[in-house]
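Coordinates as given in input.csv (CSV, N, CA, C and O atoms):
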```
chain,number,residue,atom,x,y,z
A,281,VAL,N,24.9,-8.0,-23.6
A,281,VAL,CA,25.9,-7.9,-22.5
A,281,VAL,C,26.2,-6.4,-22.3
A,281,VAL,O,26.4,-5.7,-23.2
A,282,TYR,N,26.2,-6.0,-21.0
A,282,TYR,CA,26.5,-4.6,-20.7
A,282,TYR,C,28.0,-4.4,-20.4
A,282,TYR,O,28.7,-5.3,-20.0
A,283,GLY,N,28.4,-3.2,-20.7
A,283,GLY,CA,29.8,-2.9,-20.7
A,283,GLY,C,30.4,-2.9,-19.3
A,283,GLY,O,31.6,-3.3,-19.1
A,284,ASN,N,29.7,-2.4,-18.3
A,284,ASN,CA,30.3,-2.4,-17.0
A,284,ASN,C,29.2,-2.3,-15.9
A,284,ASN,O,28.0,-2.3,-16.2
A,285,ILE,N,29.7,-2.3,-14.6
A,285,ILE,CA,28.8,-2.3,-13.5
A,285,ILE,C,27.9,-1.1,-13.5
A,285,ILE,O,26.7,-1.2,-13.1
A,286,CYS,N,28.4,0.0,-13.9
A,286,CYS,CA,27.5,1.3,-13.9
A,286,CYS,C,26.3,1.1,-14.8
A,286,CYS,O,25.2,1.6,-14.4
A,287,ASP,N,26.4,0.4,-15.9
A,287,ASP,CA,25.3,0.2,-16.8
A,287,ASP,C,24.2,-0.7,-16.0
A,287,ASP,O,23.1,-0.4,-16.1
A,288,VAL,N,24.7,-1.7,-15.4
A,288,VAL,CA,23.8,-2.6,-14.6
A,288,VAL,C,23.1,-1.8,-13.5
A,288,VAL,O,21.9,-1.9,-13.3
A,289,GLU,N,23.8,-1.0,-12.8
A,289,GLU,CA,23.3,-0.2,-11.7
A,289,GLU,C,22.2,0.8,-12.2
A,289,GLU,O,21.2,1.0,-11.6
A,290,LYS,N,22.5,1.4,-13.4
A,290,LYS,CA,21.5,2.4,-14.0
A,290,LYS,C,20.3,1.6,-14.4
A,290,LYS,O,19.2,2.2,-14.2
A,291,ILE,N,20.4,0.5,-15.0
A,291,ILE,CA,19.2,-0.3,-15.3
A,291,ILE,C,18.4,-0.7,-14.1
A,291,ILE,O,17.2,-0.6,-14.1
A,292,GLN,N,19.1,-1.1,-13.0
A,292,GLN,CA,18.4,-1.5,-11.8
A,292,GLN,C,17.7,-0.3,-11.2
A,292,GLN,O,16.5,-0.4,-10.7
A,293,GLU,N,18.3,0.8,-11.2
A,293,GLU,CA,17.7,2.0,-10.7
A,293,GLU,C,16.4,2.4,-11.6
A,293,GLU,O,15.4,2.7,-11.0
A,294,GLU,N,16.5,2.2,-12.9
A,294,GLU,CA,15.3,2.5,-13.7
A,294,GLU,C,14.2,1.5,-13.4
A,294,GLU,O,13.0,1.9,-13.4
A,295,ILE,N,14.6,0.2,-13.2
A,295,ILE,CA,13.6,-0.8,-12.9
A,295,ILE,C,12.9,-0.4,-11.6
A,295,ILE,O,11.7,-0.5,-11.4
A,296,ASP,N,13.7,-0.1,-10.6
A,296,ASP,CA,13.1,0.3,-9.2
A,296,ASP,C,12.2,1.5,-9.4
A,296,ASP,O,11.1,1.5,-8.7
A,297,ASN,N,12.6,2.5,-10.1
A,297,ASN,CA,11.7,3.7,-10.3
A,297,ASN,C,10.4,3.3,-11.0
A,297,ASN,O,9.3,3.8,-10.6
A,298,ARG,N,10.5,2.4,-12.0
A,298,ARG,CA,9.3,2.0,-12.7
A,298,ARG,C,8.4,1.2,-11.7
A,298,ARG,O,7.1,1.4,-11.8
A,299,LYS,N,8.9,0.4,-10.9
A,299,LYS,CA,8.1,-0.4,-9.9
A,299,LYS,C,7.4,0.6,-9.0
A,299,LYS,O,6.2,0.4,-8.7
A,300,LEU,N,8.0,1.7,-8.5
A,300,LEU,CA,7.4,2.6,-7.7
A,300,LEU,C,6.2,3.3,-8.4
A,300,LEU,O,5.1,3.5,-7.8
A,301,VAL,N,6.4,3.7,-9.6
A,301,VAL,CA,5.4,4.3,-10.4
A,301,VAL,C,4.2,3.4,-10.6
A,301,VAL,O,3.0,3.8,-10.4
A,302,ILE,N,4.5,2.1,-11.0
A,302,ILE,CA,3.4,1.1,-11.2
A,302,ILE,C,2.6,0.9,-9.9
A,302,ILE,O,1.4,0.8,-9.9
A,303,ARG,N,3.4,0.8,-8.8
A,303,ARG,CA,2.7,0.5,-7.5
A,303,ARG,C,1.8,1.7,-7.1
A,303,ARG,O,0.6,1.5,-6.7
A,304,LYS,N,2.2,2.9,-7.3
A,304,LYS,CA,1.4,4.1,-7.1
A,304,LYS,C,0.2,4.1,-8.0
A,304,LYS,O,-1.0,4.3,-7.5
A,305,GLN,N,0.3,3.7,-9.2
A,305,GLN,CA,-0.8,3.7,-10.1
A,305,GLN,C,-1.9,2.6,-9.7
A,305,GLN,O,-3.1,2.9,-9.7
A,306,ILE,N,-1.4,1.5,-9.3
A,306,ILE,CA,-2.3,0.4,-8.8
A,306,ILE,C,-3.0,0.9,-7.6
A,306,ILE,O,-4.2,0.7,-7.5
A,307,LEU,N,-2.3,1.5,-6.6
A,307,LEU,CA,-3.0,1.9,-5.4
A,307,LEU,C,-4.0,3.0,-5.7
A,307,LEU,O,-5.1,3.0,-5.1
A,308,GLU,N,-3.7,4.0,-6.5
A,308,GLU,CA,-4.6,5.0,-6.9
A,308,GLU,C,-5.8,4.5,-7.6
A,308,GLU,O,-7.0,4.9,-7.3
A,309,GLU,N,-5.7,3.5,-8.5
A,309,GLU,CA,-6.8,2.9,-9.1
A,309,GLU,C,-7.6,2.1,-8.1
A,309,GLU,O,-8.9,2.1,-8.2
A,310,THR,N,-7.0,1.5,-7.2
A,310,THR,CA,-7.8,0.7,-6.1
A,310,THR,C,-8.6,1.7,-5.3
A,310,THR,O,-9.8,1.4,-5.1
A,311,VAL,N,-8.1,2.8,-4.9
A,311,VAL,CA,-8.9,3.8,-4.1
A,311,VAL,C,-10.0,4.3,-5.0
A,311,VAL,O,-11.1,4.5,-4.5
A,312,LYS,N,-9.8,4.6,-6.3
A,312,LYS,CA,-10.8,5.1,-7.2
A,312,LYS,C,-11.9,4.1,-7.5
A,312,LYS,O,-13.1,4.5,-7.5
A,313,SER,N,-11.5,2.9,-7.9
A,313,SER,CA,-12.5,1.9,-8.4
A,313,SER,C,-13.1,1.1,-7.4
A,313,SER,O,-14.2,0.6,-7.6
A,314,SER,N,-12.5,0.8,-6.2
A,314,SER,CA,-13.1,-0.1,-5.2
A,314,SER,C,-12.8,0.5,-3.8
A,314,SER,O,-12.0,-0.1,-3.1
A,315,PRO,N,-13.4,1.6,-3.5
A,315,PRO,CA,-13.1,2.2,-2.2
A,315,PRO,C,-13.6,1.5,-1.0
A,315,PRO,O,-13.2,1.8,0.1
A,316,LEU,N,-14.5,0.5,-1.2
A,316,LEU,CA,-15.0,-0.2,0.0
A,316,LEU,C,-14.4,-1.6,0.0
A,316,LEU,O,-14.5,-2.4,-1.0
A,317,VAL,N,-13.6,-1.9,1.0
A,317,VAL,CA,-12.8,-3.1,1.1
A,317,VAL,C,-12.9,-3.7,2.5
A,317,VAL,O,-13.3,-3.0,3.5
A,318,THR,N,-12.6,-5.0,2.6
A,318,THR,CA,-12.5,-5.6,3.9
A,318,THR,C,-11.0,-5.8,4.2
A,318,THR,O,-10.3,-6.2,3.3
A,319,VAL,N,-10.7,-5.5,5.4
A,319,VAL,CA,-9.2,-5.5,5.8
A,319,VAL,C,-9.1,-6.4,7.0
A,319,VAL,O,-9.8,-6.3,8.0
A,320,LEU,N,-8.1,-7.3,6.9
A,320,LEU,CA,-7.6,-8.1,8.1
A,320,LEU,C,-6.5,-7.3,8.8
A,320,LEU,O,-5.4,-7.1,8.2
A,321,PHE,N,-6.8,-6.8,10.0
A,321,PHE,CA,-5.8,-5.9,10.7
A,321,PHE,C,-4.8,-6.8,11.4
A,321,PHE,O,-5.1,-7.8,11.9
A,322,GLU,N,-3.6,-6.3,11.4
A,322,GLU,CA,-2.5,-7.1,11.9
A,322,GLU,C,-1.7,-6.3,12.9
A,322,GLU,O,-1.1,-6.9,13.9
A,323,THR,N,-1.5,-5.0,12.8
A,323,THR,CA,-0.7,-4.3,13.8
A,323,THR,C,-1.5,-3.0,14.2
A,323,THR,O,-2.4,-2.5,13.6
A,324,TYR,N,-1.0,-2.5,15.4
A,324,TYR,CA,-1.6,-1.3,16.0
A,324,TYR,C,-0.5,-0.5,16.7
A,324,TYR,O,0.2,-1.1,17.5
A,325,GLU,N,-0.3,0.7,16.3
A,325,GLU,CA,0.7,1.6,16.9
A,325,GLU,C,0.3,3.0,16.9
A,325,GLU,O,-0.1,3.5,15.8
A,326,ASP,N,0.3,3.7,18.0
A,326,ASP,CA,0.0,5.1,18.1
A,326,ASP,C,-1.3,5.5,17.5
A,326,ASP,O,-1.4,6.5,16.8
A,327,GLY,N,-2.3,4.7,17.7
A,327,GLY,CA,-3.7,5.0,17.2
A,327,GLY,C,-3.9,4.7,15.8
A,327,GLY,O,-4.9,5.1,15.2
A,328,ILE,N,-3.0,3.9,15.2
A,328,ILE,CA,-3.1,3.5,13.7
A,328,ILE,C,-3.1,2.0,13.6
A,328,ILE,O,-2.2,1.4,14.1
A,329,ALA,N,-4.2,1.5,13.1
A,329,ALA,CA,-4.3,0.1,12.8
A,329,ALA,C,-4.0,-0.2,11.3
A,329,ALA,O,-4.4,0.5,10.5
A,330,THR,N,-3.2,-1.2,11.1
A,330,THR,CA,-2.7,-1.5,9.7
A,330,THR,C,-3.0,-3.0,9.4
A,330,THR,O,-2.7,-3.8,10.3
A,331,GLY,N,-3.4,-3.2,8.2
A,331,GLY,CA,-3.6,-4.6,7.8
A,331,GLY,C,-3.6,-4.7,6.3
A,331,GLY,O,-3.2,-3.8,5.6
A,332,HIS,N,-4.2,-5.8,5.7
A,332,HIS,CA,-4.2,-6.0,4.3
A,332,HIS,C,-5.6,-6.5,3.8
A,332,HIS,O,-6.3,-7.1,4.5
A,333,THR,N,-5.9,-6.1,2.6
A,333,THR,CA,-7.1,-6.6,1.9
A,333,THR,C,-6.8,-8.0,1.4
A,333,THR,O,-5.7,-8.5,1.4
A,334,ALA,N,-7.9,-8.6,0.8
A,334,ALA,CA,-7.7,-9.9,0.2
A,334,ALA,C,-6.8,-9.9,-1.0
A,334,ALA,O,-6.2,-10.9,-1.4
A,335,ASP,N,-6.6,-8.7,-1.6
A,335,ASP,CA,-5.7,-8.5,-2.7
A,335,ASP,C,-4.3,-8.0,-2.3
A,335,ASP,O,-3.5,-7.6,-3.1
A,336,PHE,N,-4.0,-8.1,-1.0
A,336,PHE,CA,-2.7,-7.8,-0.4
A,336,PHE,C,-2.4,-6.3,-0.4
A,336,PHE,O,-1.2,-6.0,-0.4
A,337,ILE,N,-3.4,-5.5,-0.5
A,337,ILE,CA,-3.2,-4.0,-0.5
A,337,ILE,C,-3.0,-3.7,1.0
A,337,ILE,O,-3.9,-4.0,1.8
A,338,GLU,N,-2.0,-3.0,1.4
A,338,GLU,CA,-1.8,-2.5,2.8
A,338,GLU,C,-2.6,-1.3,3.0
A,338,GLU,O,-2.6,-0.4,2.2
A,339,VAL,N,-3.4,-1.3,4.2
A,339,VAL,CA,-4.3,-0.3,4.5
A,339,VAL,C,-4.1,0.1,6.0
A,339,VAL,O,-4.0,-0.7,6.8
A,340,SER,N,-4.1,1.5,6.2
A,340,SER,CA,-4.0,2.0,7.6
A,340,SER,C,-5.2,2.9,7.9
A,340,SER,O,-5.7,3.6,7.0
A,341,VAL,N,-5.7,2.7,9.1
A,341,VAL,CA,-6.8,3.6,9.5
A,341,VAL,C,-6.6,4.0,11.0
A,341,VAL,O,-5.8,3.4,11.7
A,342,LYS,N,-7.2,5.2,11.3
A,342,LYS,CA,-7.2,5.6,12.7
A,342,LYS,C,-8.1,4.7,13.5
A,342,LYS,O,-9.2,4.4,13.0
A,343,SER,N,-7.7,4.4,14.7
A,343,SER,CA,-8.5,3.5,15.6
A,343,SER,C,-8.2,3.8,17.0
A,343,SER,O,-7.0,4.0,17.4
A,344,ASP,N,-9.2,3.8,17.9
A,344,ASP,CA,-9.0,4.0,19.3
A,344,ASP,C,-8.6,2.8,20.0
A,344,ASP,O,-8.1,2.8,21.1
A,345,ILE,N,-8.8,1.6,19.3
A,345,ILE,CA,-8.4,0.3,20.0
A,345,ILE,C,-7.7,-0.5,19.0
A,345,ILE,O,-7.8,-0.4,17.8
A,346,PRO,N,-6.9,-1.5,19.5
A,346,PRO,CA,-6.2,-2.4,18.6
A,346,PRO,C,-7.2,-3.3,17.8
A,346,PRO,O,-8.3,-3.7,18.4
A,347,LEU,N,-7.0,-3.6,16.6
A,347,LEU,CA,-7.9,-4.4,15.8
A,347,LEU,C,-7.2,-5.7,15.4
A,347,LEU,O,-7.7,-6.3,14.4
A,348,HIS,N,-6.2,-6.1,16.0
A,348,HIS,CA,-5.4,-7.3,15.6
A,348,HIS,C,-6.3,-8.5,15.4
A,348,HIS,O,-7.1,-8.9,16.2
A,349,ALA,N,-6.1,-9.1,14.2
A,349,ALA,CA,-6.8,-10.3,13.8
A,349,ALA,C,-8.3,-10.1,13.6
A,349,ALA,O,-9.0,-11.1,13.6
A,350,GLU,N,-8.7,-8.9,13.4
A,350,GLU,CA,-10.1,-8.6,13.1
A,350,GLU,C,-10.3,-8.2,11.7
A,350,GLU,O,-9.5,-7.5,11.1
A,351,LEU,N,-11.4,-8.7,11.1
A,351,LEU,CA,-11.8,-8.2,9.7
A,351,LEU,C,-12.8,-7.1,9.9
A,351,LEU,O,-13.8,-7.2,10.6
A,352,LYS,N,-12.5,-6.0,9.2
A,352,LYS,CA,-13.3,-4.8,9.3
A,352,LYS,C,-13.5,-4.2,7.9
A,352,LYS,O,-12.6,-4.3,7.1
A,353,ASN,N,-14.7,-3.6,7.7
A,353,ASN,CA,-15.0,-2.9,6.5
A,353,ASN,C,-14.4,-1.5,6.5
A,353,ASN,O,-14.5,-0.8,7.6
A,354,VAL,N,-13.7,-1.1,5.4
A,354,VAL,CA,-13.0,0.2,5.4
A,354,VAL,C,-13.4,0.9,4.1
A,354,VAL,O,-13.5,0.3,3.0
A,355,ARG,N,-13.5,2.2,4.2
A,355,ARG,CA,-13.7,3.0,3.0
A,355,ARG,C,-12.3,3.6,2.7
A,355,ARG,O,-11.8,4.4,3.5
A,356,LEU,N,-11.7,3.3,1.6
A,356,LEU,CA,-10.4,3.9,1.2
A,356,LEU,C,-10.6,5.3,0.9
A,356,LEU,O,-11.5,5.7,0.1
A,357,THR,N,-9.7,6.2,1.4
A,357,THR,CA,-9.8,7.6,1.1
A,357,THR,C,-8.7,8.2,0.2
A,357,THR,O,-8.9,9.1,-0.6
A,358,HIS,N,-7.5,7.6,0.4
A,358,HIS,CA,-6.4,8.1,-0.4
A,358,HIS,C,-5.2,7.2,-0.3
A,358,HIS,O,-5.2,6.2,0.5
A,359,THR,N,-4.1,7.5,-1.1
A,359,THR,CA,-2.9,6.7,-1.0
A,359,THR,C,-1.7,7.7,-1.1
A,359,THR,O,-1.9,8.8,-1.6
A,360,ASP,N,-0.6,7.3,-0.5
A,360,ASP,CA,0.6,8.1,-0.6
A,360,ASP,C,1.6,7.4,-1.6
A,360,ASP,O,2.7,7.8,-1.8
A,361,GLY,N,1.1,6.4,-2.3
A,361,GLY,CA,1.9,5.7,-3.3
A,361,GLY,C,2.6,4.4,-2.7
A,361,GLY,O,3.1,3.6,-3.5
A,362,THR,N,2.6,4.3,-1.4
A,362,THR,CA,3.2,3.1,-0.8
A,362,THR,C,2.1,2.2,-0.1
A,362,THR,O,2.2,1.0,0.0
A,363,LEU,N,1.1,2.9,0.5
A,363,LEU,CA,0.0,2.1,1.1
A,363,LEU,C,-1.3,3.0,1.0
A,363,LEU,O,-1.2,4.2,0.6
A,364,CYS,N,-2.4,2.4,1.3
A,364,CYS,CA,-3.7,3.1,1.2
A,364,CYS,C,-4.1,3.5,2.6
A,364,CYS,O,-3.8,2.8,3.6
A,365,TYR,N,-4.9,4.6,2.7
A,365,TYR,CA,-5.5,5.0,4.0
A,365,TYR,C,-7.0,5.0,3.9
A,365,TYR,O,-7.5,5.2,2.8
A,366,GLY,N,-7.6,4.8,5.0
A,366,GLY,CA,-9.1,4.8,4.9
A,366,GLY,C,-9.7,5.1,6.3
A,366,GLY,O,-9.0,5.4,7.3
A,367,GLU,N,-11.0,4.9,6.3
A,367,GLU,CA,-11.7,5.1,7.6
A,367,GLU,C,-12.6,3.8,7.8
A,367,GLU,O,-13.2,3.3,6.9
A,368,LEU,N,-12.7,3.5,9.1
A,368,LEU,CA,-13.6,2.3,9.5
A,368,LEU,C,-15.0,2.7,9.2
A,368,LEU,O,-15.5,3.8,9.4
A,369,LEU,N,-15.8,1.6,8.7
A,369,LEU,CA,-17.2,1.8,8.5
A,369,LEU,C,-18.0,1.2,9.7
A,369,LEU,O,-17.5,0.4,10.4
```
For the file at hand, write its structure as structure tokens.
Amino acid sequence: VYGNICDVEKIQEEIDNRKLVIRKQILEETVKSSPLVTVLFETYEDGIATGHTADFIEVSVKSDIPLHAELKNVRLTHTDGTLCYGELL
């Protein structure tokens, strides 16, 4: 049992920070180990199409046209720790 709310808030903050680190590690490993993926695109805004892989990894690519509801092959190039970026093949 924790002494007060501050202890619980500190623990929650530590958990949140660990989740961010783990997510970044997973995305970096995905880019490194499986750079060729198939993406189901869902949104398009300002020349950027975004969708998800079969493993639920969020991916954004530059595109001249909307790709909504289309499956496309993508080469992952990098991550910012929150999602992956790539280029259409």
Subject >> Close residues, stretch 303-318 of chain A itself excluded, 6 Å, all atoms listed in the file, min 6 positions apart in chain, as a PyMOL selection string >> reply: chain A and resi 332-334+352-357+359+361-362
For the selection you just gave me, I'd like the residues written to a file as a CSV table (one decimal), keeping the file's coordinate frame, keeping N, CA, C and O atoms.
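The new file part.csv reads:
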```csv
chain,number,residue,atom,x,y,z
A,332,HIS,N,-4.2,-5.8,5.7
A,332,HIS,CA,-4.2,-6.0,4.3
A,332,HIS,C,-5.6,-6.5,3.8
A,332,HIS,O,-6.3,-7.1,4.5
A,333,THR,N,-5.9,-6.1,2.6
A,333,THR,CA,-7.1,-6.6,1.9
A,333,THR,C,-6.8,-8.0,1.4
A,333,THR,O,-5.7,-8.5,1.4
A,334,ALA,N,-7.9,-8.6,0.8
A,334,ALA,CA,-7.7,-9.9,0.2
A,334,ALA,C,-6.8,-9.9,-1.0
A,334,ALA,O,-6.2,-10.9,-1.4
A,352,LYS,N,-12.5,-6.0,9.2
A,352,LYS,CA,-13.3,-4.8,9.3
A,352,LYS,C,-13.5,-4.2,7.9
A,352,LYS,O,-12.6,-4.3,7.1
A,353,ASN,N,-14.7,-3.6,7.7
A,353,ASN,CA,-15.0,-2.9,6.5
A,353,ASN,C,-14.4,-1.5,6.5
A,353,ASN,O,-14.5,-0.8,7.6
A,354,VAL,N,-13.7,-1.1,5.4
A,354,VAL,CA,-13.0,0.2,5.4
A,354,VAL,C,-13.4,0.9,4.1
A,354,VAL,O,-13.5,0.3,3.0
A,355,ARG,N,-13.5,2.2,4.2
A,355,ARG,CA,-13.7,3.0,3.0
A,355,ARG,C,-12.3,3.6,2.7
A,355,ARG,O,-11.8,4.4,3.5
A,356,LEU,N,-11.7,3.3,1.6
A,356,LEU,CA,-10.4,3.9,1.2
A,356,LEU,C,-10.6,5.3,0.9
A,356,LEU,O,-11.5,5.7,0.1
A,357,THR,N,-9.7,6.2,1.4
A,357,THR,CA,-9.8,7.6,1.1
A,357,THR,C,-8.7,8.2,0.2
A,357,THR,O,-8.9,9.1,-0.6
A,359,THR,N,-4.1,7.5,-1.1
A,359,THR,CA,-2.9,6.7,-1.0
A,359,THR,C,-1.7,7.7,-1.1
A,359,THR,O,-1.9,8.8,-1.6
A,361,GLY,N,1.1,6.4,-2.3
A,361,GLY,CA,1.9,5.7,-3.3
A,361,GLY,C,2.6,4.4,-2.7
A,361,GLY,O,3.1,3.6,-3.5
A,362,THR,N,2.6,4.3,-1.4
A,362,THR,CA,3.2,3.1,-0.8
A,362,THR,C,2.1,2.2,-0.1
A,362,THR,O,2.2,1.0,0.0
```
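Put simply, atom CA of A:Phe321 is 11.7 Å away from atom CA of A:Ile337.
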Taking (-4.7, -5.4, 12.6) in the file's coordinates, which residues come within 8 Å, counting all atoms listed in the file, written as a PDB file with N, CA, C and O atoms, keeping the file's coordinate frame?
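So the final result, stored in result_22.pdb, reads:
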```
ATOM      1  N   VAL A 319     -10.700  -5.500   5.400  1.00  0.00           N
ATOM      2  CA  VAL A 319      -9.200  -5.500   5.800  1.00  0.00           C
ATOM      3  C   VAL A 319      -9.100  -6.400   7.000  1.00  0.00           C
ATOM      4  O   VAL A 319      -9.800  -6.300   8.000  1.00  0.00           O
ATOM      5  N   LEU A 320      -8.100  -7.300   6.900  1.00  0.00           N
ATOM      6  CA  LEU A 320      -7.600  -8.100   8.100  1.00  0.00           C
ATOM      7  C   LEU A 320      -6.500  -7.300   8.800  1.00  0.00           C
ATOM      8  O   LEU A 320      -5.400  -7.100   8.200  1.00  0.00           O
ATOM      9  N   PHE A 321      -6.800  -6.800  10.000  1.00  0.00           N
ATOM     10  CA  PHE A 321      -5.800  -5.900  10.700  1.00  0.00           C
ATOM     11  C   PHE A 321      -4.800  -6.800  11.400  1.00  0.00           C
ATOM     12  O   PHE A 321      -5.100  -7.800  11.900  1.00  0.00           O
ATOM     13  N   GLU A 322      -3.600  -6.300  11.400  1.00  0.00           N
ATOM     14  CA  GLU A 322      -2.500  -7.100  11.900  1.00  0.00           C
ATOM     15  C   GLU A 322      -1.700  -6.300  12.900  1.00  0.00           C
ATOM     16  O   GLU A 322      -1.100  -6.900  13.900  1.00  0.00           O
ATOM     17  N   THR A 323      -1.500  -5.000  12.800  1.00  0.00           N
ATOM     18  CA  THR A 323      -0.700  -4.300  13.800  1.00  0.00           C
ATOM     19  C   THR A 323      -1.500  -3.000  14.200  1.00  0.00           C
ATOM     20  O   THR A 323      -2.400  -2.500  13.600  1.00  0.00           O
ATOM     21  N   TYR A 324      -1.000  -2.500  15.400  1.00  0.00           N
ATOM     22  CA  TYR A 324      -1.600  -1.300  16.000  1.00  0.00           C
ATOM     23  C   TYR A 324      -0.500  -0.500  16.700  1.00  0.00           C
ATOM     24  O   TYR A 324       0.200  -1.100  17.500  1.00  0.00           O
ATOM     25  N   ILE A 328      -3.000   3.900  15.200  1.00  0.00           N
ATOM     26  CA  ILE A 328      -3.100   3.500  13.700  1.00  0.00           C
ATOM     27  C   ILE A 328      -3.100   2.000  13.600  1.00  0.00           C
ATOM     28  O   ILE A 328      -2.200   1.400  14.100  1.00  0.00           O
ATOM     29  N   ALA A 329      -4.200   1.500  13.100  1.00  0.00           N
ATOM     30  CA  ALA A 329      -4.300   0.100  12.800  1.00  0.00           C
ATOM     31  C   ALA A 329      -4.000  -0.200  11.300  1.00  0.00           C
ATOM     32  O   ALA A 329      -4.400   0.500  10.500  1.00  0.00           O
ATOM     33  N   THR A 330      -3.200  -1.200  11.100  1.00  0.00           N
ATOM     34  CA  THR A 330      -2.700  -1.500   9.700  1.00  0.00           C
ATOM     35  C   THR A 330      -3.000  -3.000   9.400  1.00  0.00           C
ATOM     36  O   THR A 330      -2.700  -3.800  10.300  1.00  0.00           O
ATOM     37  N   GLY A 331      -3.400  -3.200   8.200  1.00  0.00           N
ATOM     38  CA  GLY A 331      -3.600  -4.600   7.800  1.00  0.00           C
ATOM     39  C   GLY A 331      -3.600  -4.700   6.300  1.00  0.00           C
ATOM     40  O   GLY A 331      -3.200  -3.800   5.600  1.00  0.00           O
ATOM     41  N   HIS A 332      -4.200  -5.800   5.700  1.00  0.00           N
ATOM     42  CA  HIS A 332      -4.200  -6.000   4.300  1.00  0.00           C
ATOM     43  C   HIS A 332      -5.600  -6.500   3.800  1.00  0.00           C
ATOM     44  O   HIS A 332      -6.300  -7.100   4.500  1.00  0.00           O
ATOM     45  N   VAL A 339      -3.400  -1.300   4.200  1.00  0.00           N
ATOM     46  CA  VAL A 339      -4.300  -0.300   4.500  1.00  0.00           C
ATOM     47  C   VAL A 339      -4.100   0.100   6.000  1.00  0.00           C
ATOM     48  O   VAL A 339      -4.000  -0.700   6.800  1.00  0.00           O
ATOM     49  N   ILE A 345      -8.800   1.600  19.300  1.00  0.00           N
ATOM     50  CA  ILE A 345      -8.400   0.300  20.000  1.00  0.00           C
ATOM     51  C   ILE A 345      -7.700  -0.500  19.000  1.00  0.00           C
ATOM     52  O   ILE A 345      -7.800  -0.400  17.800  1.00  0.00           O
ATOM     53  N   PRO A 346      -6.900  -1.500  19.500  1.00  0.00           N
ATOM     54  CA  PRO A 346      -6.200  -2.400  18.600  1.00  0.00           C
ATOM     55  C   PRO A 346      -7.200  -3.300  17.800  1.00  0.00           C
ATOM     56  O   PRO A 346      -8.300  -3.700  18.400  1.00  0.00           O
ATOM     57  N   LEU A 347      -7.000  -3.600  16.600  1.00  0.00           N
ATOM     58  CA  LEU A 347      -7.900  -4.400  15.800  1.00  0.00           C
ATOM     59  C   LEU A 347      -7.200  -5.700  15.400  1.00  0.00           C
ATOM     60  O   LEU A 347      -7.700  -6.300  14.400  1.00  0.00           O
ATOM     61  N   HIS A 348      -6.200  -6.100  16.000  1.00  0.00           N
ATOM     62  CA  HIS A 348      -5.400  -7.300  15.600  1.00  0.00           C
ATOM     63  C   HIS A 348      -6.300  -8.500  15.400  1.00  0.00           C
ATOM     64  O   HIS A 348      -7.100  -8.900  16.200  1.00  0.00           O
ATOM     65  N   ALA A 349      -6.100  -9.100  14.200  1.00  0.00           N
ATOM     66  CA  ALA A 349      -6.800 -10.300  13.800  1.00  0.00           C
ATOM     67  C   ALA A 349      -8.300 -10.100  13.600  1.00  0.00           C
ATOM     68  O   ALA A 349      -9.000 -11.100  13.600  1.00  0.00           O
ATOM     69  N   GLU A 350      -8.700  -8.900  13.400  1.00  0.00           N
ATOM     70  CA  GLU A 350     -10.100  -8.600  13.100  1.00  0.00           C
ATOM     71  C   GLU A 350     -10.300  -8.200  11.700  1.00  0.00           C
ATOM     72  O   GLU A 350      -9.500  -7.500  11.100  1.00  0.00           O
ATOM     73  N   LEU A 351     -11.400  -8.700  11.100  1.00  0.00           N
ATOM     74  CA  LEU A 351     -11.800  -8.200   9.700  1.00  0.00           C
ATOM     75  C   LEU A 351     -12.800  -7.100   9.900  1.00  0.00           C
ATOM     76  O   LEU A 351     -13.800  -7.200  10.600  1.00  0.00           O
TER      77      LEU A 351
END
```
Subject >> Gap from atom O of A:His358 to atom C of A:Lys342 - Å, one decimal >> reply: 13.4 Å
Subject >> Atom pair atom O of A:Cys364 / atom O of A:Ile291: separation (Å) >> reply: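 Value for the atom O of A:Cys364-atom O of A:Ile291 distance: 27.7 Å.
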**OP:** Using backbone DSSP assignments, extract all strand (DSSP E) residues from chain A; output them as a VMD selection string.
**Re:** chain A and resid 316 to 325 328 to 332 338 to 342 351 to 359 364 to 368
Subject >> Distance criterion (only C-alpha atoms): nearest to A:Leu368 out of A:Ile295, A:Cys286, A:Val301, A:Val341 >> reply: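 So, comparing all the options, the nearest one is A:Val341.
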